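Below: the structure, in structure tokens.
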There are 2 protein chains.
Amino acid sequence: MHQSAIDKAKAAAWHPDAQAGFARQLDLRIAHHLSQLSPAPARLVEAARDAMSSGKRLRPYLLHLVAGDAADGEAVLDMAVALEMVHTASLIVDDLPSMDNATLRRGRPTTHARFGEATAILTAIGLLNHAISIANGLEGMDDGQRGALVSILSGVMGWQGLVAGQELDLNGFSDEDDASGDALGRVTRINALKTGALLCAAVEAGAILAGCTDDKRSLLRRFGEDLGQAFQIADDLIDLLSDSATAGKDCGQDIGKETYLAVYGADEALRRCRALLASADEALVSAGLTPDPFRSMIDAIFAPMLDRVPQAVQKAGVA
Amino acid sequence: MHQSAIDKAKAAAWHPDAQAGFARQLDLRIAHHLSQLSPAPARLVEAARDAMSSGKRLRPYLLHLVAGDAADGEAVLDMAVALEMVHTASLIVDDLPSMDNATLRRGRPTTHARFGEATAILTAIGLLNHAISIANGLEGMDDGQRGALVSILSGVMGWQGLVAGQELDLNGFSDEDDASGDALGRVTRINALKTGALLCAAVEAGAILAGCTDDKRSLLRRFGEDLGQAFQIADDLIDLLSDSATAGKDCGQDIGKETYLAVYGADEALRRCRALLASADEALVSAGLTPDPFRSMIDAIFAPMLDRVPQAVQKAGVA
């Protein structure tokens with residue numbers, strides 16, 4: 001057996017338990033934070049609970065892995081909740097009728113489908129502000145750390161983060177936004193803003209909580225960026241090749257959109273996705289983190305997606 | 001001539017210049033902050049500029065007056081910009097098709113009417129996050145001050161602020177939200193959340209920048225709360241009695257809504273509005289602030305609204 005295959009098998013054996021254990025802790029902490037929303041309107045609290053009730057919790061787990069055992073466990077959990085709130089808010093917004101107009105998310109009705117559009121928008125804004133307030137109120141931080149964590153959260157959703165990505169994805173690039181006129185540049189930028197930003201925020205928040213050096217933070221940012229690009233390409237492949245029941249969300253949303261897949265075709269998208277994962281892995285190793293739990297998590301996400309792509313491509317006749 | 005009338009005349013003589021001078025400084029600082037949005041998508045930047053391009057700048061001016069000359073002028077201006085961004089974001093959200101569905105605001109097309117619904121929502125979220133990032137990045141603050149300013153901004157938009165007020169205003173109170181079943185309680189709560197919260201945020205931010213004691217902050221909060229209630233009642237009167245061309249925004253939006261005016265009638269609403277202004281003034285004097293510029297500003301807002309109400313009520317036959 002090849003050494004990396006042995007490592008993989010070993011990691012896979014202990015990793016799902018660790019991830020599931022963290023997810024249980026996170027769910028308890030999410031419930032705790034949401035229980036403190038009162039006297040907010042009951043409908044908003046219900047919508048927030050519903051929107052936060054499921055999810056793969058990947059970003060919180062990434063934060064937890066990067067922060068490691070040396071960081072304050074309470075602060076890591078709270079910051080993980082804040083990050084999941086921002087992620088959830090971004091999904092609520094993306095799904096809105098005026099945006100992707102999606103009715104299914106994680107196999108369940110989207111927030112606006114269940115609670116109406118106005119309540120969905122207000123819930124998203126409430127979650128964003130709540131996330132800021134969690135980061136701003138973290139105990140046991142020095143003030144530089146607390147300010148940096150608030151800055152990560154306000155940045156990830158803002159003009160140079162998710163909001164920008166969604167605007168470009170929906171309404172396209174103007175000449176001012178895209179001087180180069182290069183399709184790869186456009187796709188990479190949207191993916192970086194829409195997917196990479198939150199993954200980078202997760203690893204950067206973890207690095208701040210762990211007190212990492214700037215060099216290490218910069219390598220971890222590259223890891224987050226590569227992972228984000230890979231994730232978005234894999235998501236596009238799933239969108240094209242799945243039906244909604246399998247994916248747990250509305251599919252076929254990307255038809256007509258400029259994605260890596262649409263520009264370069266499925267084979268090249270698959271190759272690019274694998275190359276990005278290799279680059280992410282390299283950054284991780286260079287940063288000096290124990291790669292096993294990361295590899296196991298990444299493999300658990302990507303393997304089921306990528307393994308079926310070649311057959312599906314053949315079957316669907318997608319080039 | 002009665003002494004208070006003399007004071008009023010004196011205040012009115014110098015006040016408009018001071019307020020206009022501050023507004024000019026504020027507009028320059030707004031332009032400076034918006035010029036730093038790039039490389040945000042050009043459409044978002046344009047929508048943000050458009051939404052921020054006009055307004056009475058009351059909340060920034062209130063902050064400036066409360067902060068006084070002792071506070072750091074740069075920090076006051078930056079925080080005033082942040083507050084105006086939050087206010088603007090809340091107006092963009094309130095005007096959305098799924099909410100008040102307003103096409104006019106400040107005499108011009110609303111953000112969604114001009115840029116589309118998706119861009120409007122994204123611009124509002126971008127402005128909120130930008131406001132947080134301004135407060136979080138203020139220089140020359142001690143960390144308690146900076147944290148308190150971030151907390152004011154995240155709180156004012158959140159579950160116990162504008163988002164809650166808008167939800168209750170649009171979708172009403174559930175049994176859980178309103179144990180007492182009292183109309184005055186419901187109206188007061190919505191007004192506190194929708195209008196009072198931002199005025200309180202303005203005076204509290206000013207108080208923090210001025211380094212006020214807790215007692216003074218608490219009196220200033222009462223000033224903000226009373227002013228907010230008075231403002232909302234006057235706004236409801238205007239909504240009922242004006243046409244859109246005069247008000248510069250869509251009118252008749254409140255028909256069927258539970259407002260103080262709808263519950264108690266125009267005469268009682270007018271009386272209540274005046275009583276609240278008197279109570280606000282008392283809090284201001286108790287807090288030890290020089291009341292003249294506040295009185296002049298408040299008079300300039302309310303006098304034109306309230307002076308025409310009695311005739312308009314008679315003319316329209318509203319009881």
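Every chain in the structure tokens has a letter given in the order shown (A, B, ...), and although residue numbers restart at 1 in each chain, ligands are simply numbered from 1 in the order shown.
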
Would you give me, as a PDB file with C-alpha atoms, in the first residue's frame, the residues of chain B that come within 8 Å of chain A, using only C-alpha atoms?
```pdb
ATOM      1  CA  LEU B  37     -14.596  51.069  -2.112  1.00  0.00           C
ATOM      2  CA  PRO B  39     -12.157  47.347  -6.425  1.00  0.00           C
ATOM      3  CA  ALA B  40     -15.761  46.750  -5.423  1.00  0.00           C
ATOM      4  CA  PRO B  41     -18.013  46.259  -8.480  1.00  0.00           C
ATOM      5  CA  ALA B  42     -18.660  49.640 -10.145  1.00  0.00           C
ATOM      6  CA  ARG B  43     -22.431  49.151 -10.002  1.00  0.00           C
ATOM      7  CA  LEU B  44     -22.368  48.683  -6.232  1.00  0.00           C
ATOM      8  CA  SER B  98     -41.027  42.938  -0.383  1.00  0.00           C
ATOM      9  CA  MET B  99     -41.283  45.593   2.348  1.00  0.00           C
ATOM     10  CA  GLU B 117     -33.684  44.709  -6.182  1.00  0.00           C
ATOM     11  CA  ALA B 118     -30.626  42.453  -5.927  1.00  0.00           C
ATOM     12  CA  THR B 119     -28.149  45.333  -6.166  1.00  0.00           C
ATOM     13  CA  LEU B 122     -26.295  43.975  -1.689  1.00  0.00           C
ATOM     14  CA  THR B 123     -25.638  47.716  -1.385  1.00  0.00           C
ATOM     15  CA  ILE B 125     -25.417  44.934   3.287  1.00  0.00           C
ATOM     16  CA  GLY B 126     -22.230  46.503   1.939  1.00  0.00           C
ATOM     17  CA  LEU B 127     -23.005  49.802   3.697  1.00  0.00           C
ATOM     18  CA  ASN B 129     -20.455  46.164   6.904  1.00  0.00           C
ATOM     19  CA  HIS B 130     -18.566  49.265   5.852  1.00  0.00           C
ATOM     20  CA  ILE B 132     -18.747  48.444  11.167  1.00  0.00           C
ATOM     21  CA  SER B 133     -15.352  48.550   9.555  1.00  0.00           C
ATOM     22  CA  ASN B 136     -13.618  49.155  14.191  1.00  0.00           C
ATOM     23  CA  GLY B 137     -10.791  51.075  12.540  1.00  0.00           C
ATOM     24  CA  ASP B 143     -10.300  49.796  23.150  1.00  0.00           C
ATOM     25  CA  GLY B 147     -15.709  48.151  21.151  1.00  0.00           C
ATOM     26  CA  VAL B 150     -18.910  48.752  17.120  1.00  0.00           C
ATOM     27  CA  SER B 151     -21.474  47.373  19.541  1.00  0.00           C
ATOM     28  CA  SER B 154     -24.232  46.118  15.267  1.00  0.00           C
ATOM     29  CA  GLY B 155     -26.978  46.541  17.874  1.00  0.00           C
ATOM     30  CA  MET B 157     -29.432  47.252  12.953  1.00  0.00           C
ATOM     31  CA  GLY B 158     -29.905  43.919  14.707  1.00  0.00           C
ATOM     32  CA  TRP B 159     -32.519  41.792  16.450  1.00  0.00           C
ATOM     33  CA  GLN B 160     -33.269  44.471  19.006  1.00  0.00           C
ATOM     34  CA  VAL B 163     -34.519  44.601  11.831  1.00  0.00           C
ATOM     35  CA  ALA B 164     -36.918  43.838  14.689  1.00  0.00           C
ATOM     36  CA  GLN B 166     -39.289  46.344  10.437  1.00  0.00           C
ATOM     37  CA  GLU B 167     -40.382  42.731  11.033  1.00  0.00           C
ATOM     38  CA  LEU B 168     -43.037  43.780  13.563  1.00  0.00           C
ATOM     39  CA  PHE B 173     -46.889  40.893  16.624  1.00  0.00           C
ATOM     40  CA  SER B 174     -47.331  37.248  17.501  1.00  0.00           C
ATOM     41  CA  GLU B 176     -45.123  35.679  22.048  1.00  0.00           C
ATOM     42  CA  ASP B 177     -44.105  39.174  20.981  1.00  0.00           C
TER      43      ASP B 177
END
```

**Request:** Give me every helix (DSSP H, G or I) residue in segment 55-195 of chain B, going by DSSP on the backbone, as a ChimeraX atom specification.
**Result:** /B:58-67,73-95,111-115,117-136,143-157,162-171,183-195

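Scanning segment 33-232 of chain A with DSSP on the backbone, the strand (DSSP E) assignments fall on Leu104, Arg105, Arg108 and Pro109 of chain A.
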
Those same residues - C-alpha atoms - I'd like them written as a PDB file, in the first residue's frame.
```pdb
ATOM      1  CA  LEU A 104     -34.513  24.367  -1.822  1.00  0.00           C
ATOM      2  CA  ARG A 105     -31.358  24.487   0.297  1.00  0.00           C
ATOM      3  CA  ARG A 108     -35.337  21.937   2.864  1.00  0.00           C
ATOM      4  CA  PRO A 109     -37.323  25.036   1.864  1.00  0.00           C
TER       5      PRO A 109
END
```

**Message:** Just want the 7 Å neighbourhood of segment 279-289 of chain A, counted on only C-alpha atoms, with same-chain residues fewer than 4 positions away dropped. Output as a ChimeraX atom specification.
**Reply:** /A:216,219-220,222-223,226-227,275

Can I get the selected residues back with C-alpha atoms, as a JSON list (two decimals), in the first residue's frame?
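Listing of out.json after writing:
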```json
[["chain", "number", "residue", "atom", "x", "y", "z"],
["A", 216, "LYS", "CA", 1.93, 31.39, 8.45],
["A", 219, "LEU", "CA", 0.26, 30.51, 3.65],
["A", 220, "LEU", "CA", -3.04, 29.66, 5.28],
["A", 222, "ARG", "CA", -3.40, 30.62, 0.05],
["A", 223, "PHE", "CA", -4.75, 27.33, 1.36],
["A", 226, "ASP", "CA", -7.17, 27.39, -3.43],
["A", 227, "LEU", "CA", -9.71, 25.39, -1.50],
["A", 275, "ALA", "CA", -4.65, 20.81, -9.20]]
```
